[in-house]
Amino acid sequence: MSAVSAVSDDSFDSDVLAADKPVIVDFWAEWCGPCKQVSSHFEALADELGDKVRVVKINIDDNPLTAGRFGVRGLPTFMIFQDGKVTATHLGAMSKSRMVEWLKESAPSVA
């Protein structure tokens with residue numbers, strides 16, 4: 001079973017903003033090629049980090065309100081939320097190793 005869960009406009013506040021640990025959010029869309037490329041890295045990251053972090057993705061076509069609220073302009077966009085706030089943002093595809101580095105830089109408690 002994948003450790004990546006999908007969130008929606010309706011569940012974002014409770015699943016992400018109210019989470020008791022850091023949450024990495026992948027803003028993506030079906031038509032986005034790079035989003036598909038990083039999807040497997042993202043799932044591997046979720047498996048690797050286990051309980052230290054929540055790993056979620058949100059389809060911006062189905063959930064435009066959340067993307068608008070956080071100013072998502074391009075895809076894929078990754079954001080780290082801690083205590084209900086965005087602590088880091090990365091625009092564009094990343095390799096899995098770069099994703100881990102970015103996470104360690106941005107959320108040291110996870111590393």
# chains A, B, ... in the order shown; residues from 1 in each chain; ligands from 1
>>> select_by_dssp(residues="chain A", states="strand (DSSP E)", output="VMD selection string")
chain A and resid 4 to 6 23 to 28 54 to 59 77 to 82 85 to 91
>>> residues_around(residues="A:Glu105", least_positions_apart="3", cutoff="12 Å", atoms="only C-alpha atoms", output="PyMOL selection string")
chain A and resi 80+87-90+98-102+108-111
>>> closest_residue(among="A:Val72, A:Phe78, A:Ser106, A:Asn63", to="A:Asp10", atoms="only C-alpha atoms")
A:Asn63
>>> residues_around(residues="A:Leu17", least_positions_apart="3", cutoff="8 Å", atoms="only C-alpha atoms", output="PyMOL selection string")
chain A and resi 12-14+81-85
>>> write_last_selection(atoms="N, CA and C atoms", output="compact mmCIF listing (two decimals), in the first residue's frame")
# COMPACT_ATOMS: atom_id res chain seq x y z
N PHE A 12 -8.31 19.59 3.07
CA PHE A 12 -6.97 20.15 3.19
C PHE A 12 -6.67 20.69 4.60
N ASP A 13 -7.60 21.47 5.15
CA ASP A 13 -7.34 22.06 6.46
C ASP A 13 -7.14 21.00 7.54
N SER A 14 -8.00 19.98 7.54
CA SER A 14 -7.88 18.96 8.58
C SER A 14 -6.70 18.01 8.32
N PHE A 81 4.45 21.86 4.82
CA PHE A 81 3.66 22.57 5.83
C PHE A 81 4.05 22.07 7.20
N GLN A 82 4.27 23.01 8.12
CA GLN A 82 4.50 22.64 9.52
C GLN A 82 3.66 23.59 10.38
N ASP A 83 2.95 23.03 11.33
CA ASP A 83 2.09 23.83 12.23
C ASP A 83 1.17 24.75 11.45
N GLY A 84 0.62 24.25 10.34
CA GLY A 84 -0.36 25.02 9.60
C GLY A 84 0.19 26.09 8.68
N LYS A 85 1.53 26.15 8.55
CA LYS A 85 2.14 27.17 7.70
C LYS A 85 3.05 26.54 6.65
>>> residues_around(residues="A:Lys52", least_positions_apart="5", cutoff="12 Å", atoms="only C-alpha atoms", output="ChimeraX atom specification")
/A:3,19-24,45-47,103-104,107-111
>>> closest_residue(among="A:Pro76, A:Ser5, A:Arg54, A:Phe70", to="A:Trp31", atoms="only C-alpha atoms")
A:Pro76
>>> closest_residue(among="A:Ile58, A:Ala44, A:Leu49, A:Cys35", to="A:Val7", atoms="only C-alpha atoms")
A:Ile58
